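Below is entry_11.pdb, which holds PDB, C-alpha atoms, pLDDT in the B column.
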```pdb
ATOM      1  CA  MET A   1     121.298 -52.184 -94.346  1.00 74.00           C
ATOM      2  CA  SER A   2     124.918 -53.128 -95.190  1.00 91.00           C
ATOM      3  CA  ARG A   3     124.227 -56.866 -95.179  1.00 95.00           C
ATOM      4  CA  LYS A   4     121.198 -56.395 -97.421  1.00 96.00           C
ATOM      5  CA  LEU A   5     123.309 -54.588-100.024  1.00 97.00           C
ATOM      6  CA  LEU A   6     126.166 -57.087 -99.918  1.00 98.00           C
ATOM      7  CA  SER A   7     123.805 -60.063-100.172  1.00 98.00           C
ATOM      8  CA  HIS A   8     122.211 -58.486-103.236  1.00 98.00           C
ATOM      9  CA  LEU A   9     125.576 -57.889-104.907  1.00 98.00           C
ATOM     10  CA  ASN A  10     126.687 -61.436-104.096  1.00 98.00           C
ATOM     11  CA  GLY A  11     123.606 -62.908-105.769  1.00 97.00           C
ATOM     12  CA  ASN A  12     123.703 -66.714-105.856  1.00 97.00           C
ATOM     13  CA  ASN A  13     127.492 -66.947-105.583  1.00 97.00           C
ATOM     14  CA  ASP A  14     128.783 -69.484-103.098  1.00 97.00           C
ATOM     15  CA  GLY A  15     132.277 -68.032-102.627  1.00 97.00           C
ATOM     16  CA  ARG A  16     134.173 -66.094-100.005  1.00 97.00           C
ATOM     17  CA  LEU A  17     131.836 -63.093 -99.925  1.00 98.00           C
ATOM     18  CA  LYS A  18     128.964 -65.389 -98.957  1.00 98.00           C
ATOM     19  CA  GLU A  19     131.242 -67.078 -96.421  1.00 97.00           C
ATOM     20  CA  PHE A  20     132.121 -63.682 -94.955  1.00 97.00           C
ATOM     21  CA  LEU A  21     128.443 -62.731 -94.648  1.00 97.00           C
ATOM     22  CA  ASP A  22     127.463 -66.097 -93.177  1.00 97.00           C
ATOM     23  CA  ASN A  23     130.127 -65.848 -90.482  1.00 96.00           C
ATOM     24  CA  PHE A  24     129.835 -62.144 -89.691  1.00 95.00           C
ATOM     25  CA  GLU A  25     127.613 -61.148 -86.786  1.00 93.00           C
ATOM     26  CA  GLY A  26     125.677 -57.931 -87.157  1.00 93.00           C
ATOM     27  CA  GLU A  27     126.084 -55.326 -89.891  1.00 95.00           C
ATOM     28  CA  PRO A  28     129.496 -55.001 -91.591  1.00 96.00           C
ATOM     29  CA  ARG A  29     131.068 -51.552 -91.544  1.00 95.00           C
ATOM     30  CA  ILE A  30     131.631 -50.428 -95.126  1.00 97.00           C
ATOM     31  CA  ALA A  31     134.015 -47.698 -96.324  1.00 96.00           C
ATOM     32  CA  TRP A  32     132.899 -46.378 -99.720  1.00 98.00           C
ATOM     33  CA  TYR A  33     135.522 -45.000-102.100  1.00 97.00           C
ATOM     34  CA  PRO A  34     133.780 -43.586-105.197  1.00 97.00           C
ATOM     35  CA  SER A  35     135.942 -42.903-108.280  1.00 94.00           C
ATOM     36  CA  ALA A  36     138.516 -45.322-106.896  1.00 93.00           C
ATOM     37  CA  GLY A  37     140.248 -45.972-110.210  1.00 90.00           C
ATOM     38  CA  GLU A  38     143.369 -48.042-109.583  1.00 87.00           C
ATOM     39  CA  ASP A  39     144.114 -46.396-106.252  1.00 87.00           C
ATOM     40  CA  TYR A  40     144.600 -48.497-103.129  1.00 85.00           C
ATOM     41  CA  HIS A  41     145.840 -45.816-100.743  1.00 83.00           C
ATOM     42  CA  PRO A  42     142.675 -45.923 -98.569  1.00 87.00           C
ATOM     43  CA  LEU A  43     143.620 -49.436 -97.499  1.00 87.00           C
ATOM     44  CA  LEU A  44     146.542 -47.836 -95.674  1.00 81.00           C
ATOM     45  CA  TYR A  45     144.393 -45.385 -93.700  1.00 79.00           C
ATOM     46  CA  PHE A  46     142.863 -47.637 -91.092  1.00 75.00           C
ATOM     47  CA  PRO A  47     145.400 -49.877 -89.314  1.00 62.00           C
ATOM     48  CA  ARG A  48     145.384 -48.631 -85.740  1.00 56.00           C
ATOM     49  CA  ARG A  49     149.027 -47.549 -85.659  1.00 49.00           C
ATOM     50  CA  PHE A  50     148.561 -45.386 -88.755  1.00 48.00           C
ATOM     51  CA  SER A  51     145.173 -43.873 -88.042  1.00 51.00           C
ATOM     52  CA  GLU A  52     145.302 -43.362 -84.280  1.00 52.00           C
ATOM     53  CA  PRO A  53     145.695 -39.552 -84.561  1.00 47.00           C
ATOM     54  CA  PHE A  54     142.578 -39.343 -86.729  1.00 47.00           C
ATOM     55  CA  ARG A  55     140.148 -41.404 -84.652  1.00 49.00           C
ATOM     56  CA  ALA A  56     137.188 -39.729 -83.059  1.00 47.00           C
ATOM     57  CA  ARG A  57     136.969 -40.166 -79.319  1.00 44.00           C
ATOM     58  CA  GLY A  58     135.701 -43.657 -78.630  1.00 44.00           C
ATOM     59  CA  GLU A  59     136.076 -44.805 -82.239  1.00 51.00           C
ATOM     60  CA  GLN A  60     137.873 -48.140 -82.273  1.00 48.00           C
ATOM     61  CA  GLN A  61     136.499 -49.912 -85.336  1.00 68.00           C
ATOM     62  CA  SER A  62     137.956 -49.877 -88.823  1.00 84.00           C
ATOM     63  CA  PRO A  63     135.860 -50.847 -91.845  1.00 92.00           C
ATOM     64  CA  ASP A  64     135.124 -54.541 -92.296  1.00 94.00           C
ATOM     65  CA  LEU A  65     134.954 -54.144 -96.059  1.00 96.00           C
ATOM     66  CA  PHE A  66     135.840 -51.519 -98.652  1.00 97.00           C
ATOM     67  CA  LEU A  67     133.395 -50.692-101.426  1.00 98.00           C
ATOM     68  CA  PHE A  68     135.159 -49.238-104.465  1.00 97.00           C
ATOM     69  CA  THR A  69     133.128 -47.848-107.365  1.00 97.00           C
ATOM     70  CA  ASP A  70     134.280 -46.523-110.731  1.00 94.00           C
ATOM     71  CA  TYR A  71     132.871 -47.181-114.172  1.00 93.00           C
ATOM     72  CA  PHE A  72     136.435 -47.804-115.348  1.00 88.00           C
ATOM     73  CA  PRO A  73     136.417 -46.875-119.051  1.00 84.00           C
ATOM     74  CA  TRP A  74     140.093 -47.617-119.657  1.00 79.00           C
ATOM     75  CA  LYS A  75     140.769 -50.157-122.402  1.00 77.00           C
ATOM     76  CA  TYR A  76     144.362 -51.160-121.731  1.00 74.00           C
ATOM     77  CA  SER A  77     144.638 -51.203-117.944  1.00 76.00           C
ATOM     78  CA  THR A  78     146.307 -54.187-116.291  1.00 74.00           C
ATOM     79  CA  PHE A  79     144.319 -53.497-113.133  1.00 75.00           C
ATOM     80  CA  LEU A  80     143.505 -56.748-111.283  1.00 74.00           C
ATOM     81  CA  GLU A  81     146.205 -58.569-113.254  1.00 70.00           C
ATOM     82  CA  ARG A  82     149.081 -56.600-111.717  1.00 62.00           C
ATOM     83  CA  MET A  83     148.659 -54.716-108.477  1.00 57.00           C
ATOM     84  CA  PRO A  84     150.303 -51.343-107.874  1.00 54.00           C
ATOM     85  CA  SER A  85     153.162 -50.791-105.431  1.00 52.00           C
ATOM     86  CA  TYR A  86     153.448 -47.563-103.469  1.00 50.00           C
ATOM     87  CA  SER A  87     157.148 -47.013-103.004  1.00 46.00           C
ATOM     88  CA  GLU A  88     156.605 -43.621-101.405  1.00 45.00           C
ATOM     89  CA  ARG A  89     154.874 -45.390 -98.524  1.00 53.00           C
ATOM     90  CA  SER A  90     157.086 -48.490 -98.558  1.00 60.00           C
ATOM     91  CA  SER A  91     153.875 -50.396 -99.129  1.00 68.00           C
ATOM     92  CA  GLY A  92     152.649 -53.136-101.413  1.00 77.00           C
ATOM     93  CA  VAL A  93     149.328 -54.752-102.300  1.00 81.00           C
ATOM     94  CA  THR A  94     148.916 -58.406-103.280  1.00 84.00           C
ATOM     95  CA  ILE A  95     145.704 -60.086-104.420  1.00 86.00           C
ATOM     96  CA  GLU A  96     145.169 -63.284-102.444  1.00 88.00           C
ATOM     97  CA  TYR A  97     141.679 -64.071-103.752  1.00 92.00           C
ATOM     98  CA  ILE A  98     139.389 -62.757-106.486  1.00 93.00           C
ATOM     99  CA  GLU A  99     135.812 -63.726-107.187  1.00 95.00           C
ATOM    100  CA  GLU A 100     133.635 -62.526-110.048  1.00 96.00           C
ATOM    101  CA  LEU A 101     130.180 -61.423-108.862  1.00 98.00           C
ATOM    102  CA  PRO A 102     126.961 -61.135-110.893  1.00 98.00           C
ATOM    103  CA  ARG A 103     126.589 -58.329-113.418  1.00 97.00           C
ATOM    104  CA  LEU A 104     125.323 -55.065-111.974  1.00 98.00           C
ATOM    105  CA  ASN A 105     122.899 -54.201-114.794  1.00 96.00           C
ATOM    106  CA  LEU A 106     123.485 -50.489-114.367  1.00 96.00           C
ATOM    107  CA  SER A 107     123.462 -47.804-117.026  1.00 91.00           C
ATOM    108  CA  LEU A 108     125.730 -44.879-117.871  1.00 92.00           C
ATOM    109  CA  HIS A 109     124.398 -41.385-118.426  1.00 91.00           C
ATOM    110  CA  LYS A 110     125.856 -38.724-120.695  1.00 89.00           C
ATOM    111  CA  ARG A 111     125.560 -36.062-117.988  1.00 90.00           C
ATOM    112  CA  LEU A 112     127.788 -38.130-115.722  1.00 90.00           C
ATOM    113  CA  VAL A 113     130.427 -39.656-118.014  1.00 88.00           C
ATOM    114  CA  ARG A 114     132.273 -38.779-121.197  1.00 84.00           C
ATOM    115  CA  PHE A 115     132.815 -42.344-122.374  1.00 85.00           C
ATOM    116  CA  GLU A 116     129.251 -43.613-122.661  1.00 83.00           C
ATOM    117  CA  ASN A 117     130.304 -47.085-123.803  1.00 84.00           C
ATOM    118  CA  GLY A 118     132.441 -47.610-120.713  1.00 87.00           C
ATOM    119  CA  GLY A 119     135.223 -50.212-120.872  1.00 87.00           C
ATOM    120  CA  ARG A 120     135.663 -53.957-120.747  1.00 87.00           C
ATOM    121  CA  ARG A 121     135.174 -54.053-116.974  1.00 91.00           C
ATOM    122  CA  THR A 122     132.210 -51.663-116.808  1.00 94.00           C
ATOM    123  CA  ASP A 123     129.091 -53.182-115.186  1.00 96.00           C
ATOM    124  CA  ARG A 124     131.044 -56.044-113.646  1.00 95.00           C
ATOM    125  CA  ALA A 125     131.781 -56.562-109.958  1.00 97.00           C
ATOM    126  CA  VAL A 126     134.451 -58.508-108.095  1.00 96.00           C
ATOM    127  CA  PHE A 127     135.153 -59.436-104.493  1.00 97.00           C
ATOM    128  CA  LEU A 128     138.829 -59.256-103.512  1.00 94.00           C
ATOM    129  CA  GLU A 129     140.887 -60.308-100.540  1.00 93.00           C
ATOM    130  CA  VAL A 130     144.201 -58.472-100.576  1.00 90.00           C
ATOM    131  CA  LYS A 131     147.293 -58.434 -98.375  1.00 87.00           C
ATOM    132  CA  ILE A 132     148.890 -55.122 -97.438  1.00 84.00           C
ATOM    133  CA  SER A 133     152.514 -54.740 -96.439  1.00 80.00           C
ATOM    134  CA  SER A 134     153.287 -51.355 -94.943  1.00 67.00           C
ATOM    135  CA  SER A 135     155.974 -49.600 -92.978  1.00 67.00           C
ATOM    136  CA  TYR A 136     153.189 -48.206 -90.778  1.00 61.00           C
ATOM    137  CA  SER A 137     152.043 -51.576 -89.455  1.00 63.00           C
ATOM    138  CA  ASP A 138     152.459 -55.310 -89.655  1.00 74.00           C
ATOM    139  CA  SER A 139     151.073 -57.003 -92.758  1.00 80.00           C
ATOM    140  CA  TYR A 140     147.304 -57.243 -92.752  1.00 84.00           C
ATOM    141  CA  SER A 141     144.436 -58.235 -95.040  1.00 87.00           C
ATOM    142  CA  CYS A 142     141.501 -56.278 -96.439  1.00 91.00           C
ATOM    143  CA  ARG A 143     138.295 -57.181 -98.230  1.00 95.00           C
ATOM    144  CA  ILE A 144     137.217 -55.123-101.230  1.00 96.00           C
ATOM    145  CA  LEU A 145     134.041 -55.256-103.262  1.00 98.00           C
ATOM    146  CA  TYR A 146     134.790 -53.388-106.484  1.00 97.00           C
ATOM    147  CA  ALA A 147     131.704 -52.420-108.477  1.00 98.00           C
ATOM    148  CA  PHE A 148     132.658 -51.118-111.910  1.00 96.00           C
ATOM    149  CA  ALA A 149     129.825 -48.626-112.069  1.00 96.00           C
ATOM    150  CA  GLU A 150     129.321 -44.872-112.194  1.00 95.00           C
ATOM    151  CA  ASN A 151     129.132 -43.570-108.631  1.00 96.00           C
ATOM    152  CA  THR A 152     125.871 -41.619-108.820  1.00 96.00           C
ATOM    153  CA  ILE A 153     123.979 -44.385-110.603  1.00 97.00           C
ATOM    154  CA  PHE A 154     125.336 -46.928-108.113  1.00 98.00           C
ATOM    155  CA  PHE A 155     124.131 -44.751-105.249  1.00 97.00           C
ATOM    156  CA  TYR A 156     120.695 -44.307-106.806  1.00 97.00           C
ATOM    157  CA  GLU A 157     120.100 -47.880-107.978  1.00 97.00           C
ATOM    158  CA  LYS A 158     121.979 -49.884-105.336  1.00 98.00           C
ATOM    159  CA  LEU A 159     122.752 -47.958-102.140  1.00 98.00           C
ATOM    160  CA  VAL A 160     119.348 -46.267-101.839  1.00 97.00           C
ATOM    161  CA  PRO A 161     116.978 -49.183-102.576  1.00 96.00           C
ATOM    162  CA  TYR A 162     119.012 -51.605-100.453  1.00 96.00           C
ATOM    163  CA  GLU A 163     119.178 -49.116 -97.569  1.00 95.00           C
ATOM    164  CA  ALA A 164     122.948 -49.235 -97.359  1.00 97.00           C
ATOM    165  CA  LYS A 165     124.733 -48.019 -94.246  1.00 97.00           C
ATOM    166  CA  ILE A 166     128.196 -46.622 -95.011  1.00 97.00           C
ATOM    167  CA  SER A 167     130.513 -45.940 -92.075  1.00 95.00           C
ATOM    168  CA  HIS A 168     133.171 -43.998 -94.041  1.00 95.00           C
ATOM    169  CA  ILE A 169     133.119 -42.094 -97.334  1.00 97.00           C
ATOM    170  CA  ILE A 170     136.456 -41.340 -98.997  1.00 96.00           C
ATOM    171  CA  HIS A 171     136.158 -38.378-101.370  1.00 96.00           C
ATOM    172  CA  THR A 172     139.354 -37.720-103.300  1.00 92.00           C
ATOM    173  CA  ASN A 173     140.229 -37.175-106.980  1.00 87.00           C
ATOM    174  CA  TYR A 174     136.580 -37.654-107.818  1.00 91.00           C
ATOM    175  CA  GLY A 175     135.739 -37.641-111.553  1.00 72.00           C
ATOM    176  CA  ALA A 176     135.886 -34.200-113.159  1.00 51.00           C
ATOM    177  CA  GLY A 177     137.801 -35.575-116.123  1.00 45.00           C
ATOM    178  CA  CYS A 178     140.717 -36.986-114.116  1.00 46.00           C
ATOM    179  CA  GLY A 179     141.470 -39.767-116.608  1.00 47.00           C
ATOM    180  CA  GLY A 180     138.002 -41.309-116.432  1.00 49.00           C
ATOM    181  CA  GLY A 181     136.156 -38.422-117.988  1.00 53.00           C
ATOM    182  CA  GLY A 182     133.649 -37.477-115.298  1.00 65.00           C
ATOM    183  CA  SER A 183     131.540 -34.331-115.033  1.00 84.00           C
ATOM    184  CA  SER A 184     131.306 -34.096-111.254  1.00 90.00           C
ATOM    185  CA  THR A 185     133.554 -33.213-108.326  1.00 93.00           C
ATOM    186  CA  GLY A 186     131.528 -35.399-105.959  1.00 95.00           C
ATOM    187  CA  VAL A 187     130.453 -32.447-103.839  1.00 96.00           C
ATOM    188  CA  TRP A 188     126.956 -34.000-103.761  1.00 97.00           C
ATOM    189  CA  LEU A 189     128.334 -36.693-101.435  1.00 97.00           C
ATOM    190  CA  LYS A 190     128.174 -34.214 -98.538  1.00 97.00           C
ATOM    191  CA  ASN A 191     124.400 -34.120 -99.039  1.00 97.00           C
ATOM    192  CA  VAL A 192     123.945 -37.879 -98.581  1.00 98.00           C
ATOM    193  CA  LEU A 193     126.032 -38.399 -95.442  1.00 98.00           C
ATOM    194  CA  ARG A 194     122.982 -38.569 -93.185  1.00 97.00           C
ATOM    195  CA  GLN A 195     121.032 -40.740 -95.625  1.00 97.00           C
ATOM    196  CA  LEU A 196     123.886 -43.272 -95.619  1.00 97.00           C
ATOM    197  CA  HIS A 197     124.325 -43.047 -91.816  1.00 96.00           C
ATOM    198  CA  CYS A 198     127.935 -42.044 -92.432  1.00 97.00           C
ATOM    199  CA  GLU A 199     130.193 -41.639 -89.393  1.00 94.00           C
ATOM    200  CA  PHE A 200     133.367 -40.302 -91.049  1.00 93.00           C
ATOM    201  CA  PHE A 201     133.968 -38.191 -94.136  1.00 95.00           C
ATOM    202  CA  ILE A 202     137.495 -38.137 -95.580  1.00 93.00           C
ATOM    203  CA  THR A 203     137.902 -35.521 -98.288  1.00 94.00           C
ATOM    204  CA  ASP A 204     140.341 -33.571-100.426  1.00 91.00           C
ATOM    205  CA  GLY A 205     138.044 -30.540-100.132  1.00 91.00           C
ATOM    206  CA  GLN A 206     136.701 -30.397-103.699  1.00 90.00           C
ATOM    207  CA  GLU A 207     133.431 -28.447-103.407  1.00 90.00           C
ATOM    208  CA  THR A 208     132.781 -27.021-106.867  1.00 91.00           C
ATOM    209  CA  TRP A 209     129.326 -27.879-108.195  1.00 94.00           C
ATOM    210  CA  LEU A 210     129.482 -29.193-111.766  1.00 93.00           C
ATOM    211  CA  ASP A 211     126.668 -30.414-113.983  1.00 93.00           C
ATOM    212  CA  GLY A 212     127.104 -34.022-112.831  1.00 93.00           C
ATOM    213  CA  ASP A 213     126.657 -32.961-109.200  1.00 95.00           C
ATOM    214  CA  LEU A 214     123.479 -31.088-110.054  1.00 95.00           C
ATOM    215  CA  PHE A 215     122.248 -34.101-111.998  1.00 95.00           C
ATOM    216  CA  ALA A 216     122.653 -36.247-108.870  1.00 95.00           C
ATOM    217  CA  LEU A 217     120.091 -34.028-107.121  1.00 96.00           C
ATOM    218  CA  GLU A 218     117.739 -34.292-110.106  1.00 95.00           C
ATOM    219  CA  LEU A 219     118.126 -38.054-110.409  1.00 94.00           C
ATOM    220  CA  CYS A 220     117.504 -38.851-106.743  1.00 93.00           C
ATOM    221  CA  PRO A 221     114.857 -36.652-105.091  1.00 92.00           C
ATOM    222  CA  SER A 222     115.742 -38.037-101.659  1.00 91.00           C
ATOM    223  CA  ILE A 223     119.044 -36.104-101.697  1.00 95.00           C
ATOM    224  CA  PRO A 224     118.585 -32.809 -99.823  1.00 94.00           C
ATOM    225  CA  LYS A 225     119.514 -29.658-101.723  1.00 93.00           C
ATOM    226  CA  GLU A 226     121.949 -28.716 -98.980  1.00 92.00           C
ATOM    227  CA  SER A 227     124.061 -30.788 -96.618  1.00 93.00           C
ATOM    228  CA  ASN A 228     122.201 -31.479 -93.366  1.00 93.00           C
ATOM    229  CA  VAL A 229     125.081 -32.676 -91.171  1.00 95.00           C
ATOM    230  CA  GLN A 230     127.802 -31.138 -89.042  1.00 95.00           C
ATOM    231  CA  LEU A 231     131.390 -32.020 -89.922  1.00 95.00           C
ATOM    232  CA  THR A 232     133.863 -31.886 -87.043  1.00 93.00           C
ATOM    233  CA  PRO A 233     137.605 -31.954 -87.930  1.00 91.00           C
ATOM    234  CA  LEU A 234     139.510 -34.805 -86.300  1.00 83.00           C
ATOM    235  CA  ASN A 235     142.656 -33.425 -84.635  1.00 62.00           C
ATOM    236  CA  GLY A 236     143.622 -31.429 -87.711  1.00 53.00           C
ATOM    237  CA  ALA A 237     144.082 -34.698 -89.577  1.00 52.00           C
ATOM    238  CA  ASN A 238     145.724 -34.381 -92.949  1.00 52.00           C
ATOM    239  CA  ARG A 239     147.293 -37.149 -94.996  1.00 52.00           C
ATOM    240  CA  GLN A 240     148.303 -37.670 -98.575  1.00 49.00           C
ATOM    241  CA  GLY A 241     145.603 -39.153-100.740  1.00 50.00           C
ATOM    242  CA  ARG A 242     146.048 -40.716-104.152  1.00 50.00           C
ATOM    243  CA  ALA A 243     149.571 -40.185-105.470  1.00 40.00           C
ATOM    244  CA  GLY A 244     149.788 -36.536-106.460  1.00 38.00           C
ATOM    245  CA  GLY A 245     146.306 -35.898-105.122  1.00 42.00           C
ATOM    246  CA  GLY A 246     147.134 -33.614-102.226  1.00 49.00           C
ATOM    247  CA  GLY A 247     146.120 -33.856 -98.585  1.00 78.00           C
ATOM    248  CA  LEU A 248     142.965 -35.305 -97.096  1.00 86.00           C
ATOM    249  CA  SER A 249     140.995 -33.934 -94.164  1.00 90.00           C
ATOM    250  CA  TRP A 250     139.124 -36.249 -91.818  1.00 89.00           C
ATOM    251  CA  TYR A 251     135.797 -35.322 -90.239  1.00 92.00           C
ATOM    252  CA  SER A 252     133.353 -36.982 -87.895  1.00 92.00           C
ATOM    253  CA  VAL A 253     129.748 -36.655 -89.048  1.00 95.00           C
ATOM    254  CA  THR A 254     126.881 -35.680 -86.742  1.00 92.00           C
TER
END
```
Write the structure described by the file as C-alpha cells, please.
Amino acid sequence: MSRKLLSHLNGNNDGRLKEFLDNFEGEPRIAWYPSAGEDYHPLLYFPRRFSEPFRARGEQQSPDLFLFTDYFPWKYSTFLERMPSYSERSSGVTIEYIEELPRLNLSLHKRLVRFENGGRRTDRAVFLEVKISSSYSDSYSCRILYAFAENTIFFYEKLVPYEAKISHIIHTNYGAGCGGGGSSTGVWLKNVLRQLHCEFFITDGQETWLDGDLFALELCPSIPKESNVQLTPLNGANRQGRAGGGGLSWYSVT
C-alpha cells in the first residue's frame, strides 16, 4: 500500500525518508498533487484551523506526506533553490531538508506531453521537509516526496504496481498546456478514485476530456471507463487554488 510505494521510491537511501518509514506505525496517509509545478498552496489546506469547515464528519487526520508529481520541463526554474512566498496568504515556505532519491526510470509519451525531452529535473525524485508559516495557523512542518514524472505514467508504472493508497487527490491547473505543455485536463483522475482508495477529492472542476485523458484509459486497462464513486460536497467548501487558478471544491469519496 502506501508504505510499499514509499519504500520503493526510497530505494537503498538511508536518509530521512527511511527514518520516517522506520518510525511510522501503520500506513502513511498520502495526498497526491499531480501537475504540481512550483505550487505549494496545498500545504496550506490541512492545518486544523484552516480546514475545519471542509472536514467530513469524523475526519480528523491530515496527510502524513504529500506526493507531488510533474515532469517539470522548464530549463531555467530556480525551483528547489529558492522557495516561493505567497504574500496573498501571508504565508511562506522554507526548505529545512532535501534528499535526492533514486532515479525513477520512467518514460515520457508524445500523447501526454509536448516537450518529449523533459527538463534537467525530469525523472529525478527528492524528499523534502519544509516549514510553513501562515496567518491561518502556527508554523508547522510538512513532508513532500516530489517525483519529477508525468502524472499518468507515474500512476501506471508506480502507483498501480505498488498498490498505492492515496487519501487525498488535489486536482487543479492540471496540464492542458498551462506552462508545462500537457494534453490532459486530468479528468481521468475521477475514474481512479476507488482504485486508489481515495477518501477526499479536491478539484477545480475541470472535466473536459482531451486526448491525454483518453490515452490514460488506453494505457491502463484497470481504469474504468466511467467514474464509479459518489462525490459528496463538504459544506460547500471552496478555496483559492494555485495563484490565479480559481476556487477549489472539496468532496468526500464513497
For A:Glu100, which residue among A:Arg124, A:Lys75, A:Lys4, A:Arg114 is the nearest when counting all atoms listed in the file?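 Closest residue, counting all atoms listed in the file: A:Arg124.
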Centre, x/y/z edge lengths, axis-aligned box for stretch 119-130 of chain A with 5 Å per side, as JSON:
```
{"center_x": 136.6, "center_y": -55.3, "center_z": -110.7, "size_x": 25.1, "size_y": 20.1, "size_z": 30.3}
```
Can you tell me, as number ranges by chain, which residues sit within 12 Å of (126.1, -61.4, -102.1) in the file's frame, using only C-alpha atoms? A: 2-22, 99-104, 125-127, 145
Could you take the residues named above and write them with C-alpha atoms, as a short mmCIF file (atom, residue, chain, number, x, y, z; two decimals), in the frame of the given file?
```cif
data_model
loop_
_atom_site.label_atom_id
_atom_site.label_comp_id
_atom_site.auth_asym_id
_atom_site.auth_seq_id
_atom_site.Cartn_x
_atom_site.Cartn_y
_atom_site.Cartn_z
CA SER A 2 124.92 -53.13 -95.19
CA ARG A 3 124.23 -56.87 -95.18
CA LYS A 4 121.20 -56.40 -97.42
CA LEU A 5 123.31 -54.59 -100.02
CA LEU A 6 126.17 -57.09 -99.92
CA SER A 7 123.80 -60.06 -100.17
CA HIS A 8 122.21 -58.49 -103.24
CA LEU A 9 125.58 -57.89 -104.91
CA ASN A 10 126.69 -61.44 -104.10
CA GLY A 11 123.61 -62.91 -105.77
CA ASN A 12 123.70 -66.71 -105.86
CA ASN A 13 127.49 -66.95 -105.58
CA ASP A 14 128.78 -69.48 -103.10
CA GLY A 15 132.28 -68.03 -102.63
CA ARG A 16 134.17 -66.09 -100.00
CA LEU A 17 131.84 -63.09 -99.92
CA LYS A 18 128.96 -65.39 -98.96
CA GLU A 19 131.24 -67.08 -96.42
CA PHE A 20 132.12 -63.68 -94.96
CA LEU A 21 128.44 -62.73 -94.65
CA ASP A 22 127.46 -66.10 -93.18
CA GLU A 99 135.81 -63.73 -107.19
CA GLU A 100 133.64 -62.53 -110.05
CA LEU A 101 130.18 -61.42 -108.86
CA PRO A 102 126.96 -61.14 -110.89
CA ARG A 103 126.59 -58.33 -113.42
CA LEU A 104 125.32 -55.06 -111.97
CA ALA A 125 131.78 -56.56 -109.96
CA VAL A 126 134.45 -58.51 -108.10
CA PHE A 127 135.15 -59.44 -104.49
CA LEU A 145 134.04 -55.26 -103.26
#
```
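Atom to atom, atom CA of A:Lys165 and atom CA of A:Leu196 stand 5.0 Å apart.
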Take the PyMOL selection byres ((chain A and resi 153) around 12), run it mentally on this structure, and tell me the resulting residues as a PyMOL selection string. chain A and resi 34+69-71+104-113+123+147-152+154-161+212-213+215-220
Under the PyMOL selection byres ((chain A and resi 252) around 9), which residues of this model are included? Write them out as a list in words.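 The output of the PyMOL selection byres ((chain A and resi 252) around 9) on this file is Arg55, Ala56, Cys198, Glu199, Phe200, Phe201, Ile202, Gln230, Leu231, Thr232, Pro233, Leu234, Trp250, Tyr251, Val253 and Thr254 of chain A.
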Return as a ChimeraX atom specification the set of residues that the PyMOL selection byres ((chain A and resi 74) around 8) yields on the displayed structure. /A:72-73,75-77,118-120,180
Which distance in Å separates atom CA of A:Leu210 and atom CA of A:Leu189, to one decimal?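 Rounded to one decimal, the two atoms are 12.8 Å apart.
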Can you take the partial stretch 144-157 of chain A, add N, CA and C atoms, and return it as a PDB file, in the frame of the given file?
```
ATOM      1  N   ILE A 144     137.694 -56.181-100.338  1.00 96.00           N
ATOM      2  CA  ILE A 144     137.217 -55.123-101.230  1.00 96.00           C
ATOM      3  C   ILE A 144     136.129 -55.690-102.129  1.00 96.00           C
ATOM      4  N   LEU A 145     135.028 -54.976-102.220  1.00 98.00           N
ATOM      5  CA  LEU A 145     134.041 -55.256-103.262  1.00 98.00           C
ATOM      6  C   LEU A 145     134.151 -54.108-104.253  1.00 98.00           C
ATOM      7  N   TYR A 146     134.619 -54.423-105.456  1.00 97.00           N
ATOM      8  CA  TYR A 146     134.790 -53.388-106.484  1.00 97.00           C
ATOM      9  C   TYR A 146     133.650 -53.515-107.478  1.00 97.00           C
ATOM     10  N   ALA A 147     132.805 -52.487-107.516  1.00 98.00           N
ATOM     11  CA  ALA A 147     131.704 -52.420-108.477  1.00 98.00           C
ATOM     12  C   ALA A 147     132.105 -51.453-109.582  1.00 98.00           C
ATOM     13  N   PHE A 148     132.246 -51.954-110.789  1.00 96.00           N
ATOM     14  CA  PHE A 148     132.658 -51.118-111.910  1.00 96.00           C
ATOM     15  C   PHE A 148     131.421 -50.414-112.470  1.00 96.00           C
ATOM     16  N   ALA A 149     131.050 -49.356-111.767  1.00 96.00           N
ATOM     17  CA  ALA A 149     129.825 -48.626-112.069  1.00 96.00           C
ATOM     18  C   ALA A 149     130.044 -47.150-111.793  1.00 96.00           C
ATOM     19  N   GLU A 150     129.260 -46.311-112.451  1.00 95.00           N
ATOM     20  CA  GLU A 150     129.321 -44.872-112.194  1.00 95.00           C
ATOM     21  C   GLU A 150     128.767 -44.621-110.801  1.00 95.00           C
ATOM     22  N   ASN A 151     129.426 -43.745-110.052  1.00 96.00           N
ATOM     23  CA  ASN A 151     129.132 -43.570-108.631  1.00 96.00           C
ATOM     24  C   ASN A 151     127.690 -43.147-108.349  1.00 96.00           C
ATOM     25  N   THR A 152     127.207 -42.153-109.079  1.00 96.00           N
ATOM     26  CA  THR A 152     125.871 -41.619-108.820  1.00 96.00           C
ATOM     27  C   THR A 152     124.803 -42.657-109.115  1.00 96.00           C
ATOM     28  N   ILE A 153     124.946 -43.348-110.239  1.00 97.00           N
ATOM     29  CA  ILE A 153     123.979 -44.385-110.603  1.00 97.00           C
ATOM     30  C   ILE A 153     124.020 -45.515-109.582  1.00 97.00           C
ATOM     31  N   PHE A 154     125.215 -45.875-109.123  1.00 98.00           N
ATOM     32  CA  PHE A 154     125.336 -46.928-108.113  1.00 98.00           C
ATOM     33  C   PHE A 154     124.639 -46.507-106.824  1.00 98.00           C
ATOM     34  N   PHE A 155     124.826 -45.264-106.433  1.00 97.00           N
ATOM     35  CA  PHE A 155     124.131 -44.751-105.249  1.00 97.00           C
ATOM     36  C   PHE A 155     122.628 -44.862-105.425  1.00 97.00           C
ATOM     37  N   TYR A 156     122.134 -44.396-106.574  1.00 97.00           N
ATOM     38  CA  TYR A 156     120.695 -44.307-106.806  1.00 97.00           C
ATOM     39  C   TYR A 156     120.041 -45.680-106.964  1.00 97.00           C
ATOM     40  N   GLU A 157     120.720 -46.593-107.646  1.00 97.00           N
ATOM     41  CA  GLU A 157     120.100 -47.880-107.978  1.00 97.00           C
ATOM     42  C   GLU A 157     120.530 -49.031-107.069  1.00 97.00           C
TER      43      GLU A 157
END
```
